[in-house]
Amino acid sequence: NAGVMQNPRHLVRRRGQEARLRCSPMKGHSHVYWYRQLPEEGLKFMVYLQKENIIDESGMPKERFSAEFPKEGPSILRIQQVVRGDSAAYFCASSSIRGGTDTQYFGPGTRLTVL
Amino acid sequence: AQSVSQHNHHVILSEAASLELGCNYSYGGTVNLFWYVQYPGQHLQLLLKYFSGDPLVKGIKGFEAEFIKSKFSFNLRKPSVQWSDTAEYFCAVNAGGNNRLAFGKGNQVVVIP
C-alpha cells in the first residue's frame, strides 16, 4: 500500500520562476493538506483540500501561492514568481476522513531552493 | 490561535539512557495530540496519538506519551534509547475539531552509541 507520494523531492528555481509541487495521497484518502517548514521552524499549515474543493486556505500567503486538487490526478501547490524567502520544505499529508478526527499521513516532502 | 511548545531543541544522550521530550499546547478545549518522528533522510512518521480514553498512550518502538489535561502537556518518553532513535521528534495538536495540525519546532535527538 503506497504511502503519500510527492514529487519532485528537490526543486531548484531562480527568482521569478514558477514552482509546481505535486502530491498524490494514499490510496483511499480524499483529504489533502499542505504544510511548509522553514529552517529551524516546525511545520506550518497552509491549505486543506478535498477533491475539487479548497476547504481551508487560512495558512496560505495572500499572493503568488495557489493550490488545487482536481477530480483526477495529484494535488498541486503552485508558487508563482518565487522569491528567496520561499525556500523551504513543503510537506503534503492525506487522511481518509476529516483531519480533526483522523490521522494525517505525510509524504517525504519537496525541498525548494530559490537561487 | 493554537501554539505548541517543545523545549530543548537539541538533545544528546547515550544509548540506554532514558528520554523525555516535553510538549505543551495553548488550546483549552478538546484536543487531539500526536507525536511524529522524522528519521534522517526519511519522511514524517506517526509515533503515537491520543484522541480520548486512557491518557497514557503506547506507541511504536517502545515510546509512550502521557496526556495531562491540567498541565496542557503531552510529554513523550522512552525508558532506554537506542542509536536508531536518532531523529527529529515533532509534537502536533489538532484543536477544536478543525482540520489543521499545529506543530512544535521539534526536538533533534542524537543518541551516541
# chains A, B, ... in the order shown; residues from 1 in each chain; ligands from 1

$ interface_residues --of "chain B" --to "chain A" --cutoff "12 Å" --atoms "only C-alpha atoms" --output "number ranges by chain"
B: 1-6, 9-10, 30-52, 88-108

$ select_by_dssp --residues "region 22-77 of chain B" --states "helix (DSSP H, G or I)" --output "list in words"
Ile60, Lys61, Gly62, Lys69, Ser70 and Lys71 of chain B

$ residues_around --residues "region 74-83 of chain B" --least-positions-apart "6" --cutoff "8 Å" --atoms "only C-alpha atoms" --output "list in words"
Ser14, Glu15, Ala16, Ala17, Ser18, Leu19, Glu20, Leu21, Gly22, Cys23, Asn24, Leu33, Trp35, Gly62, Phe63, Glu64, Ala65, Glu66, Phe67, Ile68, Val110, Val111, Ile112 and Pro113 of chain B

$ write_last_selection --atoms "C-alpha atoms" --output "JSON list (two decimals), in the first residue's frame"
[["chain", "number", "residue", "atom", "x", "y", "z"],
["B", 14, "SER", "CA", 23.95, 7.85, 25.29],
["B", 15, "GLU", "CA", 22.41, 4.52, 24.44],
["B", 16, "ALA", "CA", 20.34, 3.02, 27.25],
["B", 17, "ALA", "CA", 19.63, 6.45, 28.72],
["B", 18, "SER", "CA", 16.06, 7.49, 29.31],
["B", 19, "LEU", "CA", 14.46, 10.11, 27.10],
["B", 20, "GLU", "CA", 11.70, 12.56, 27.89],
["B", 21, "LEU", "CA", 10.59, 15.28, 25.49],
["B", 22, "GLY", "CA", 8.19, 17.94, 26.66],
["B", 23, "CYS", "CA", 5.22, 19.23, 24.70],
["B", 24, "ASN", "CA", 2.86, 21.96, 25.88],
["B", 33, "LEU", "CA", -2.48, 15.03, 20.15],
["B", 35, "TRP", "CA", 3.94, 12.75, 18.11],
["B", 62, "GLY", "CA", 8.82, 1.43, 22.90],
["B", 63, "PHE", "CA", 7.68, 5.05, 23.02],
["B", 64, "GLU", "CA", 4.85, 6.27, 25.21],
["B", 65, "ALA", "CA", 3.27, 9.62, 25.96],
["B", 66, "GLU", "CA", 1.09, 10.91, 28.76],
["B", 67, "PHE", "CA", -1.69, 13.44, 28.30],
["B", 68, "ILE", "CA", -2.08, 15.65, 31.38],
["B", 110, "VAL", "CA", 21.11, 12.35, 18.85],
["B", 111, "VAL", "CA", 21.88, 9.04, 20.52],
["B", 112, "ILE", "CA", 25.55, 8.24, 20.91],
["B", 113, "PRO", "CA", 26.44, 4.53, 20.70]]

$ residues_around --residues "Gly28 (chain A)" --least-positions-apart "5" --cutoff "10 Å" --atoms "only C-alpha atoms" --output "list of chain:residue names"
A:Ser94, A:Ser95, A:Ser96, A:Ile97

$ select_by_dssp --residues "chain B" --states "strand (DSSP E)" --output "number ranges by chain"
B: 4-5, 10-14, 19-21, 24-25, 31-38, 45-50, 56-58, 64-68, 73-78, 87-95, 102-103, 107-112

$ residues_around --residues "Ala88 (chain A)" --least-positions-apart "2" --cutoff "7 Å" --atoms "only C-alpha atoms" --output "NGL selection string"
:A and (36-39 or 86 or 90 or 111-113)

$ atom_distance --atom1 "CA of Met5 (chain A)" --atom2 "CA of Asn53 (chain A)"
20.2 Å

$ atom_distance --atom1 "CA of Val114 (chain A)" --atom2 "CA of Arg9 (chain A)"
14.3 Å

$ residues_around --residues "Val83 (chain A)" --least-positions-apart "3" --cutoff "12 Å" --atoms "only C-alpha atoms" --output "short mmCIF file (atom, residue, chain, number, x, y, z; two decimals) with N, CA and C atoms, in the first residue's frame"
data_model
loop_
_atom_site.label_atom_id
_atom_site.label_comp_id
_atom_site.auth_asym_id
_atom_site.auth_seq_id
_atom_site.Cartn_x
_atom_site.Cartn_y
_atom_site.Cartn_z
N VAL A 12 14.90 23.22 -7.70
CA VAL A 12 15.68 24.46 -7.67
C VAL A 12 15.08 25.42 -8.70
N ARG A 13 14.81 26.63 -8.27
CA ARG A 13 14.27 27.65 -9.16
C ARG A 13 15.02 28.95 -8.94
N ARG A 14 15.06 29.75 -10.00
CA ARG A 14 15.62 31.10 -9.89
C ARG A 14 14.49 32.05 -9.53
N ARG A 15 14.85 33.14 -8.92
CA ARG A 15 13.85 34.15 -8.55
C ARG A 15 13.02 34.54 -9.76
N GLY A 16 11.71 34.60 -9.56
CA GLY A 16 10.80 34.98 -10.63
C GLY A 16 10.20 33.82 -11.38
N GLN A 17 10.75 32.63 -11.22
CA GLN A 17 10.20 31.46 -11.91
C GLN A 17 9.02 30.89 -11.12
N GLU A 18 8.37 29.92 -11.72
CA GLU A 18 7.24 29.25 -11.06
C GLU A 18 7.69 27.90 -10.53
N ALA A 19 7.13 27.54 -9.38
CA ALA A 19 7.38 26.21 -8.81
C ALA A 19 6.05 25.47 -8.72
N GLU A 63 -0.64 36.20 -1.75
CA GLU A 63 -0.25 36.38 -3.14
C GLU A 63 0.69 35.26 -3.56
N ARG A 64 0.69 34.96 -4.81
CA ARG A 64 1.62 34.06 -5.52
C ARG A 64 1.40 32.59 -5.24
N PHE A 65 0.71 32.23 -4.19
CA PHE A 65 0.52 30.82 -3.84
C PHE A 65 -0.90 30.39 -4.18
N ILE A 79 3.57 27.95 -6.83
CA ILE A 79 4.14 29.21 -6.32
C ILE A 79 4.63 29.99 -7.53
N GLN A 80 4.02 31.12 -7.76
CA GLN A 80 4.41 31.95 -8.90
C GLN A 80 5.45 32.97 -8.46
N ASP A 86 10.86 31.88 -0.20
CA ASP A 86 10.02 30.71 -0.42
C ASP A 86 10.81 29.41 -0.25
N SER A 87 12.13 29.52 -0.12
CA SER A 87 12.96 28.34 0.09
C SER A 87 12.55 27.65 1.39
N ALA A 88 12.15 26.40 1.27
CA ALA A 88 11.63 25.67 2.43
C ALA A 88 11.36 24.23 2.00
N LEU A 112 12.40 22.97 -1.74
CA LEU A 112 12.50 24.02 -2.74
C LEU A 112 13.65 24.96 -2.38
N THR A 113 14.52 25.15 -3.34
CA THR A 113 15.61 26.12 -3.17
C THR A 113 15.46 27.18 -4.25
N VAL A 114 15.42 28.42 -3.82
CA VAL A 114 15.31 29.54 -4.75
C VAL A 114 16.64 30.27 -4.78
N LEU A 115 17.21 30.31 -5.97
CA LEU A 115 18.53 30.95 -6.12
C LEU A 115 18.40 32.45 -6.35
#

$ closest_residue --among "A:Ile54, A:Ala2, A:Leu11, A:Cys92" --to "Ala67 (chain A)" --atoms "only C-alpha atoms"
A:Ile54

$ atom_distance --atom1 "CA of Ala89 (chain A)" --atom2 "CA of Cys23 (chain A)"
13.3 Å
